Amino acid sequence: MNVLITGASSGLGKSLLNEFTSRGCSVWGVARRNVEEVRFAPNSQGKWFYSQCDITDANAVKKTVRDMIAVDFVPDIVILNAGAAFDDIINGIDYNSFKENFNLNLFGAMNWVSEILPIFLLRNKGIFVAISTLSVFRENHRNRIAYSSAKSALSTVFENLRLQYYSSEIQFVVVHAGRMSNERSFIGTTYDAAARLIADKLLSGNIPHTINFPLFQSLLTKLSRLIPDSLFYKYCMK
């Protein structure tokens with residue numbers, strides 16, 4: 001099984017690279033940082049490769065895909081994990097930060113779909129996975145409007161793609177991820193635990209359309225839609 005992971009140099013992406021290699025998969029990691037700056041310790045059961053690539057640069061994405069094909073690495077699973085959240089309400093709307101949120105969290109992901117979907121169509125199989133966020137159900141960060149909007153758009157695009165290609169063997173999975181860190185917290189989870197959950201689902205015989213975690217935070221986030229804005233602003237916005 002060949003797995004492509006963007007945003008693989010740290011956080012969830014790095015844990016996903018380690019998790020899939022530990023299960024014997026061949027993994028191609030992609031990130032902005034040079035491989036010399038990244039400390040990997042993937043399990044030796046699977047092979048791994050790494051490319052430095054700015055996912056918002058369509059030409060750089062094209063080149064990386066060509067590099068993969070040149071060494072006969074054709075992905076079976078593409079995990080679009082790269083993303084970041086930038087504050088964009090600073091004495092009004094910071095348009096550059098607003099735009100960067102969409103470039104990285106939506107258009108950067110779609111650069112990969114645009115390049116790899118034709119390959120999947122030729123084989124009539126493949127799995128695209130979009131790492132979205134529970135914030136699409138209720139944003140609770142002050143000074144931020146575009147991040148959850150961009151991720152919400154990505155979730156909707158994947159839902160629409162799933163319907164467009166429903167009769168094919170190409171799958172579009174959306175992961176709504178909650179709070180993660182290196183250490184487990186009361187409401188959140190760890191990067192490693194999240195990676196294990198995602199790998200379990202994707203390598204199972206019955207892949208779901210959506211994966212939401214952690215369960216408790218997912219429930220709280222959806223229930224928070226029932227809280228009036230006045231109370232939510234006062235007690236829930238961070």
# chains A, B, ... in the order shown; residues from 1 in each chain; ligands from 1

call {"tool": "residues_around", "arguments": {"residues": "Leu122 (chain A)", "least_positions_apart": "4", "cutoff": "12 Å", "atoms": "only C-alpha atoms", "output": "list in words"}}
result
Val74, Ile116, Leu117, Pro118, Gly126, Ser168, Glu169 and Ile170 of chain A

call {"tool": "residues_around", "arguments": {"residues": "Arg196 (chain A)", "least_positions_apart": "2", "cutoff": "9 Å", "atoms": "only C-alpha atoms", "output": "PyMOL selection string"}}
result
chain A and resi 15-16+19-20+191-194+198-201

call {"tool": "write_last_selection", "arguments": {"atoms": "N, CA, C and O atoms", "output": "short mmCIF file (atom, residue, chain, number, x, y, z; two decimals), in the first residue's frame"}}
result
data_model
loop_
_atom_site.label_atom_id
_atom_site.label_comp_id
_atom_site.auth_asym_id
_atom_site.auth_seq_id
_atom_site.Cartn_x
_atom_site.Cartn_y
_atom_site.Cartn_z
N SER A 15 3.13 11.81 12.74
CA SER A 15 2.61 10.60 13.38
C SER A 15 1.98 9.66 12.36
O SER A 15 2.10 8.44 12.46
N LEU A 16 1.32 10.22 11.35
CA LEU A 16 0.74 9.39 10.29
C LEU A 16 1.83 8.68 9.50
O LEU A 16 1.70 7.50 9.16
N GLU A 19 3.02 5.88 11.64
CA GLU A 19 2.00 4.84 11.81
C GLU A 19 1.88 3.96 10.57
O GLU A 19 1.85 2.72 10.67
N PHE A 20 1.84 4.57 9.40
CA PHE A 20 1.67 3.78 8.18
C PHE A 20 2.93 2.97 7.85
O PHE A 20 2.82 1.84 7.36
N TYR A 191 -1.35 13.15 18.94
CA TYR A 191 -1.14 12.95 17.51
C TYR A 191 -1.01 11.46 17.18
O TYR A 191 -1.56 10.99 16.18
N ASP A 192 -0.31 10.73 18.03
CA ASP A 192 -0.11 9.30 17.76
C ASP A 192 -1.42 8.53 17.83
O ASP A 192 -1.68 7.65 16.99
N ALA A 193 -2.26 8.84 18.81
CA ALA A 193 -3.56 8.16 18.93
C ALA A 193 -4.45 8.49 17.74
O ALA A 193 -5.17 7.63 17.22
N ALA A 194 -4.41 9.75 17.32
CA ALA A 194 -5.20 10.15 16.15
C ALA A 194 -4.73 9.43 14.90
O ALA A 194 -5.54 8.98 14.08
N ILE A 198 -6.98 6.95 12.46
CA ILE A 198 -7.14 7.19 11.02
C ILE A 198 -6.65 5.98 10.22
O ILE A 198 -7.31 5.54 9.28
N ALA A 199 -5.50 5.44 10.59
CA ALA A 199 -4.96 4.27 9.89
C ALA A 199 -5.89 3.07 10.02
O ALA A 199 -6.13 2.34 9.05
N ASP A 200 -6.43 2.86 11.22
CA ASP A 200 -7.38 1.76 11.43
C ASP A 200 -8.57 1.87 10.47
O ASP A 200 -8.99 0.88 9.85
N LYS A 201 -9.10 3.07 10.35
CA LYS A 201 -10.28 3.29 9.50
C LYS A 201 -9.94 3.11 8.02
O LYS A 201 -10.69 2.46 7.27
#

call {"tool": "closest_residue", "arguments": {"among": "A:Leu154, A:Met1, A:Leu104, A:Ala177", "to": "Thr21 (chain A)", "atoms": "only C-alpha atoms"}}
result
A:Met1

call {"tool": "residues_around", "arguments": {"residues": "Tyr235 (chain A)", "least_positions_apart": "4", "cutoff": "12 Å", "atoms": "only C-alpha atoms", "output": "PyMOL selection string"}}
result
chain A and resi 140-142+224+227-231

call {"tool": "write_last_selection", "arguments": {"atoms": "C-alpha atoms", "output": "mmCIF file, in the first residue's frame"}}
result
data_model
loop_
_atom_site.group_PDB
_atom_site.id
_atom_site.type_symbol
_atom_site.label_atom_id
_atom_site.label_comp_id
_atom_site.auth_asym_id
_atom_site.auth_seq_id
_atom_site.Cartn_x
_atom_site.Cartn_y
_atom_site.Cartn_z
ATOM 1 C CA ASN A 140 -14.465 29.230 19.024
ATOM 2 C CA HIS A 141 -11.254 31.189 18.427
ATOM 3 C CA ARG A 142 -11.187 34.965 18.609
ATOM 4 C CA SER A 224 -22.600 24.217 21.034
ATOM 5 C CA ILE A 227 -25.934 27.955 22.571
ATOM 6 C CA PRO A 228 -27.012 31.551 21.799
ATOM 7 C CA ASP A 229 -24.251 33.708 20.311
ATOM 8 C CA SER A 230 -24.255 36.051 23.317
ATOM 9 C CA LEU A 231 -23.447 33.218 25.730
#

call {"tool": "residues_around", "arguments": {"residues": "Lys99 (chain A)", "least_positions_apart": "5", "cutoff": "12 Å", "atoms": "only C-alpha atoms", "output": "list in words"}}
result
Thr56, Ala85, Phe86, Asp87, Asp88, Ile93, Asp94, Leu104, Asn105, Leu106, Phe107, Gly108, Ile145, Ala146, Tyr147, Ser149 and Ala150 of chain A

call {"tool": "closest_residue", "arguments": {"among": "A:Asp76, A:Glu115, A:Glu139, A:Asp57", "to": "Ser26 (chain A)", "atoms": "only C-alpha atoms"}}
result
A:Asp76

call {"tool": "select_by_dssp", "arguments": {"residues": "region 15-151 of chain A", "states": "strand (DSSP E)", "output": "VMD selection string"}}
result
chain A and resid 26 to 31 48 to 52 77 to 80 126 to 133

call {"tool": "closest_residue", "arguments": {"among": "A:Phe137, A:Tyr165, A:Phe186, A:Ala109", "to": "Leu223 (chain A)", "atoms": "only C-alpha atoms"}}
result
A:Phe137

call {"tool": "atom_distance", "arguments": {"atom1": "CA of Pro75 (chain A)", "atom2": "CA of Arg32 (chain A)"}}
result
19.7 Å

call {"tool": "atom_distance", "arguments": {"atom1": "CA of His176 (chain A)", "atom2": "CA of Leu134 (chain A)"}}
result
5.0 Å

call {"tool": "residues_around", "arguments": {"residues": "Ile55 (chain A)", "least_positions_apart": "4", "cutoff": "10 Å", "atoms": "only C-alpha atoms", "output": "list in words"}}
result
Thr6, Gly7, Val30, Ala31, Arg32, Asn59, Ala60, Val61, Lys62, Thr64, Leu80, Ala82, Gly83, Asn103, Leu104, Asn105, Phe107, Gly108, Ala109, Met110, Asn111 and Trp112 of chain A

call {"tool": "atom_distance", "arguments": {"atom1": "CA of Gln52 (chain A)", "atom2": "CA of Thr156 (chain A)"}}
result
28.2 Å

call {"tool": "residues_around", "arguments": {"residues": "Ile79 (chain A)", "least_positions_apart": "4", "cutoff": "9 Å", "atoms": "only C-alpha atoms", "output": "MDAnalysis selection string"}}
result
chainID A and resid 3:6 13 127:131

call {"tool": "decode", "arguments": {"residues": "region 92-126 of chain A", "atoms": "N, CA, C and O atoms", "output": "PDB file, in the first residue's frame"}}
result
ATOM      1  N   GLY A  92      -9.665  44.966  12.240  1.00  0.00           N
ATOM      2  CA  GLY A  92     -10.310  44.775  10.957  1.00  0.00           C
ATOM      3  C   GLY A  92      -9.792  43.501  10.318  1.00  0.00           C
ATOM      4  O   GLY A  92      -9.049  42.738  10.932  1.00  0.00           O
ATOM      5  N   ILE A  93     -10.155  43.270   9.082  1.00  0.00           N
ATOM      6  CA  ILE A  93      -9.745  42.053   8.395  1.00  0.00           C
ATOM      7  C   ILE A  93      -8.353  42.226   7.799  1.00  0.00           C
ATOM      8  O   ILE A  93      -8.098  43.155   7.038  1.00  0.00           O
ATOM      9  N   ASP A  94      -7.459  41.317   8.177  1.00  0.00           N
ATOM     10  CA  ASP A  94      -6.137  41.246   7.557  1.00  0.00           C
ATOM     11  C   ASP A  94      -6.291  40.376   6.314  1.00  0.00           C
ATOM     12  O   ASP A  94      -6.267  39.149   6.392  1.00  0.00           O
ATOM     13  N   TYR A  95      -6.439  41.008   5.162  1.00  0.00           N
ATOM     14  CA  TYR A  95      -6.779  40.276   3.949  1.00  0.00           C
ATOM     15  C   TYR A  95      -5.695  39.287   3.554  1.00  0.00           C
ATOM     16  O   TYR A  95      -5.987  38.185   3.078  1.00  0.00           O
ATOM     17  N   ASN A  96      -4.432  39.650   3.762  1.00  0.00           N
ATOM     18  CA  ASN A  96      -3.349  38.736   3.384  1.00  0.00           C
ATOM     19  C   ASN A  96      -3.413  37.446   4.195  1.00  0.00           C
ATOM     20  O   ASN A  96      -3.236  36.352   3.652  1.00  0.00           O
ATOM     21  N   SER A  97      -3.669  37.561   5.498  1.00  0.00           N
ATOM     22  CA  SER A  97      -3.805  36.369   6.333  1.00  0.00           C
ATOM     23  C   SER A  97      -5.061  35.589   5.963  1.00  0.00           C
ATOM     24  O   SER A  97      -5.057  34.354   5.953  1.00  0.00           O
ATOM     25  N   PHE A  98      -6.138  36.318   5.674  1.00  0.00           N
ATOM     26  CA  PHE A  98      -7.386  35.674   5.244  1.00  0.00           C
ATOM     27  C   PHE A  98      -7.140  34.832   3.993  1.00  0.00           C
ATOM     28  O   PHE A  98      -7.523  33.661   3.918  1.00  0.00           O
ATOM     29  N   LYS A  99      -6.462  35.425   3.025  1.00  0.00           N
ATOM     30  CA  LYS A  99      -6.181  34.742   1.769  1.00  0.00           C
ATOM     31  C   LYS A  99      -5.249  33.560   1.983  1.00  0.00           C
ATOM     32  O   LYS A  99      -5.427  32.495   1.375  1.00  0.00           O
ATOM     33  N   GLU A 100      -4.245  33.709   2.864  1.00  0.00           N
ATOM     34  CA  GLU A 100      -3.296  32.633   3.119  1.00  0.00           C
ATOM     35  C   GLU A 100      -3.988  31.429   3.741  1.00  0.00           C
ATOM     36  O   GLU A 100      -3.629  30.285   3.452  1.00  0.00           O
ATOM     37  N   ASN A 101      -4.977  31.666   4.608  1.00  0.00           N
ATOM     38  CA  ASN A 101      -5.754  30.570   5.171  1.00  0.00           C
ATOM     39  C   ASN A 101      -6.395  29.732   4.072  1.00  0.00           C
ATOM     40  O   ASN A 101      -6.360  28.496   4.117  1.00  0.00           O
ATOM     41  N   PHE A 102      -6.984  30.387   3.090  1.00  0.00           N
ATOM     42  CA  PHE A 102      -7.640  29.661   2.004  1.00  0.00           C
ATOM     43  C   PHE A 102      -6.619  29.009   1.071  1.00  0.00           C
ATOM     44  O   PHE A 102      -6.834  27.880   0.616  1.00  0.00           O
ATOM     45  N   ASN A 103      -5.511  29.717   0.798  1.00  0.00           N
ATOM     46  CA  ASN A 103      -4.495  29.131  -0.082  1.00  0.00           C
ATOM     47  C   ASN A 103      -3.948  27.833   0.485  1.00  0.00           C
ATOM     48  O   ASN A 103      -3.761  26.847  -0.240  1.00  0.00           O
ATOM     49  N   LEU A 104      -3.679  27.805   1.777  1.00  0.00           N
ATOM     50  CA  LEU A 104      -3.058  26.636   2.388  1.00  0.00           C
ATOM     51  C   LEU A 104      -4.070  25.538   2.696  1.00  0.00           C
ATOM     52  O   LEU A 104      -3.825  24.360   2.424  1.00  0.00           O
ATOM     53  N   ASN A 105      -5.220  25.913   3.246  1.00  0.00           N
ATOM     54  CA  ASN A 105      -6.166  24.917   3.759  1.00  0.00           C
ATOM     55  C   ASN A 105      -7.174  24.413   2.728  1.00  0.00           C
ATOM     56  O   ASN A 105      -7.752  23.338   2.922  1.00  0.00           O
ATOM     57  N   LEU A 106      -7.351  25.146   1.641  1.00  0.00           N
ATOM     58  CA  LEU A 106      -8.292  24.717   0.603  1.00  0.00           C
ATOM     59  C   LEU A 106      -7.588  24.508  -0.737  1.00  0.00           C
ATOM     60  O   LEU A 106      -7.535  23.391  -1.248  1.00  0.00           O
ATOM     61  N   PHE A 107      -7.025  25.569  -1.289  1.00  0.00           N
ATOM     62  CA  PHE A 107      -6.456  25.473  -2.631  1.00  0.00           C
ATOM     63  C   PHE A 107      -5.212  24.591  -2.656  1.00  0.00           C
ATOM     64  O   PHE A 107      -4.960  23.886  -3.649  1.00  0.00           O
ATOM     65  N   GLY A 108      -4.420  24.621  -1.580  1.00  0.00           N
ATOM     66  CA  GLY A 108      -3.253  23.741  -1.517  1.00  0.00           C
ATOM     67  C   GLY A 108      -3.654  22.286  -1.588  1.00  0.00           C
ATOM     68  O   GLY A 108      -3.015  21.480  -2.289  1.00  0.00           O
ATOM     69  N   ALA A 109      -4.716  21.924  -0.865  1.00  0.00           N
ATOM     70  CA  ALA A 109      -5.206  20.540  -0.911  1.00  0.00           C
ATOM     71  C   ALA A 109      -5.719  20.185  -2.297  1.00  0.00           C
ATOM     72  O   ALA A 109      -5.459  19.093  -2.824  1.00  0.00           O
ATOM     73  N   MET A 110      -6.434  21.119  -2.918  1.00  0.00           N
ATOM     74  CA  MET A 110      -7.020  20.826  -4.216  1.00  0.00           C
ATOM     75  C   MET A 110      -5.976  20.753  -5.329  1.00  0.00           C
ATOM     76  O   MET A 110      -6.233  20.151  -6.377  1.00  0.00           O
ATOM     77  N   ASN A 111      -4.797  21.352  -5.129  1.00  0.00           N
ATOM     78  CA  ASN A 111      -3.711  21.163  -6.100  1.00  0.00           C
ATOM     79  C   ASN A 111      -3.374  19.683  -6.239  1.00  0.00           C
ATOM     80  O   ASN A 111      -3.144  19.189  -7.352  1.00  0.00           O
ATOM     81  N   TRP A 112      -3.345  18.960  -5.109  1.00  0.00           N
ATOM     82  CA  TRP A 112      -3.040  17.526  -5.145  1.00  0.00           C
ATOM     83  C   TRP A 112      -4.171  16.722  -5.766  1.00  0.00           C
ATOM     84  O   TRP A 112      -3.936  15.804  -6.545  1.00  0.00           O
ATOM     85  N   VAL A 113      -5.408  17.070  -5.434  1.00  0.00           N
ATOM     86  CA  VAL A 113      -6.548  16.356  -6.020  1.00  0.00           C
ATOM     87  C   VAL A 113      -6.541  16.532  -7.532  1.00  0.00           C
ATOM     88  O   VAL A 113      -6.757  15.574  -8.287  1.00  0.00           O
ATOM     89  N   SER A 114      -6.265  17.745  -7.987  1.00  0.00           N
ATOM     90  CA  SER A 114      -6.247  18.028  -9.423  1.00  0.00           C
ATOM     91  C   SER A 114      -5.209  17.178 -10.147  1.00  0.00           C
ATOM     92  O   SER A 114      -5.459  16.687 -11.264  1.00  0.00           O
ATOM     93  N   GLU A 115      -4.045  16.971  -9.531  1.00  0.00           N
ATOM     94  CA  GLU A 115      -2.963  16.220 -10.176  1.00  0.00           C
ATOM     95  C   GLU A 115      -3.166  14.703 -10.093  1.00  0.00           C
ATOM     96  O   GLU A 115      -2.825  13.976 -11.029  1.00  0.00           O
ATOM     97  N   ILE A 116      -3.701  14.220  -8.979  1.00  0.00           N
ATOM     98  CA  ILE A 116      -3.752  12.769  -8.754  1.00  0.00           C
ATOM     99  C   ILE A 116      -5.090  12.147  -9.156  1.00  0.00           C
ATOM    100  O   ILE A 116      -5.147  10.958  -9.478  1.00  0.00           O
ATOM    101  N   LEU A 117      -6.147  12.917  -9.198  1.00  0.00           N
ATOM    102  CA  LEU A 117      -7.446  12.359  -9.592  1.00  0.00           C
ATOM    103  C   LEU A 117      -7.398  11.679 -10.961  1.00  0.00           C
ATOM    104  O   LEU A 117      -7.959  10.576 -11.120  1.00  0.00           O
ATOM    105  N   PRO A 118      -6.751  12.259 -11.987  1.00  0.00           N
ATOM    106  CA  PRO A 118      -6.674  11.548 -13.282  1.00  0.00           C
ATOM    107  C   PRO A 118      -6.015  10.178 -13.169  1.00  0.00           C
ATOM    108  O   PRO A 118      -6.386   9.241 -13.886  1.00  0.00           O
ATOM    109  N   ILE A 119      -5.017  10.060 -12.271  1.00  0.00           N
ATOM    110  CA  ILE A 119      -4.352   8.766 -12.070  1.00  0.00           C
ATOM    111  C   ILE A 119      -5.330   7.767 -11.451  1.00  0.00           C
ATOM    112  O   ILE A 119      -5.414   6.606 -11.866  1.00  0.00           O
ATOM    113  N   PHE A 120      -6.072   8.223 -10.457  1.00  0.00           N
ATOM    114  CA  PHE A 120      -7.082   7.363  -9.826  1.00  0.00           C
ATOM    115  C   PHE A 120      -8.166   6.959 -10.820  1.00  0.00           C
ATOM    116  O   PHE A 120      -8.655   5.829 -10.798  1.00  0.00           O
ATOM    117  N   LEU A 121      -8.536   7.880 -11.700  1.00  0.00           N
ATOM    118  CA  LEU A 121      -9.582   7.583 -12.682  1.00  0.00           C
ATOM    119  C   LEU A 121      -9.120   6.500 -13.662  1.00  0.00           C
ATOM    120  O   LEU A 121      -9.913   5.649 -14.076  1.00  0.00           O
ATOM    121  N   LEU A 122      -7.838   6.537 -14.044  1.00  0.00           N
ATOM    122  CA  LEU A 122      -7.319   5.502 -14.940  1.00  0.00           C
ATOM    123  C   LEU A 122      -7.385   4.119 -14.295  1.00  0.00           C
ATOM    124  O   LEU A 122      -7.649   3.120 -14.955  1.00  0.00           O
ATOM    125  N   ARG A 123      -7.150   4.084 -12.982  1.00  0.00           N
ATOM    126  CA  ARG A 123      -7.181   2.803 -12.264  1.00  0.00           C
ATOM    127  C   ARG A 123      -8.566   2.480 -11.710  1.00  0.00           C
ATOM    128  O   ARG A 123      -8.822   1.361 -11.266  1.00  0.00           O
ATOM    129  N   ASN A 124      -9.431   3.499 -11.697  1.00  0.00           N
ATOM    130  CA  ASN A 124     -10.772   3.405 -11.104  1.00  0.00           C
ATOM    131  C   ASN A 124     -10.712   2.988  -9.637  1.00  0.00           C
ATOM    132  O   ASN A 124     -11.563   2.251  -9.144  1.00  0.00           O
ATOM    133  N   LYS A 125      -9.721   3.503  -8.934  1.00  0.00           N
ATOM    134  CA  LYS A 125      -9.643   3.274  -7.496  1.00  0.00           C
ATOM    135  C   LYS A 125      -8.647   4.245  -6.879  1.00  0.00           C
ATOM    136  O   LYS A 125      -7.766   4.790  -7.562  1.00  0.00           O
ATOM    137  N   GLY A 126      -8.799   4.459  -5.588  1.00  0.00           N
ATOM    138  CA  GLY A 126      -7.932   5.366  -4.850  1.00  0.00           C
ATOM    139  C   GLY A 126      -8.717   6.030  -3.733  1.00  0.00           C
ATOM    140  O   GLY A 126      -9.952   6.093  -3.775  1.00  0.00           O
TER     141      GLY A 126
END
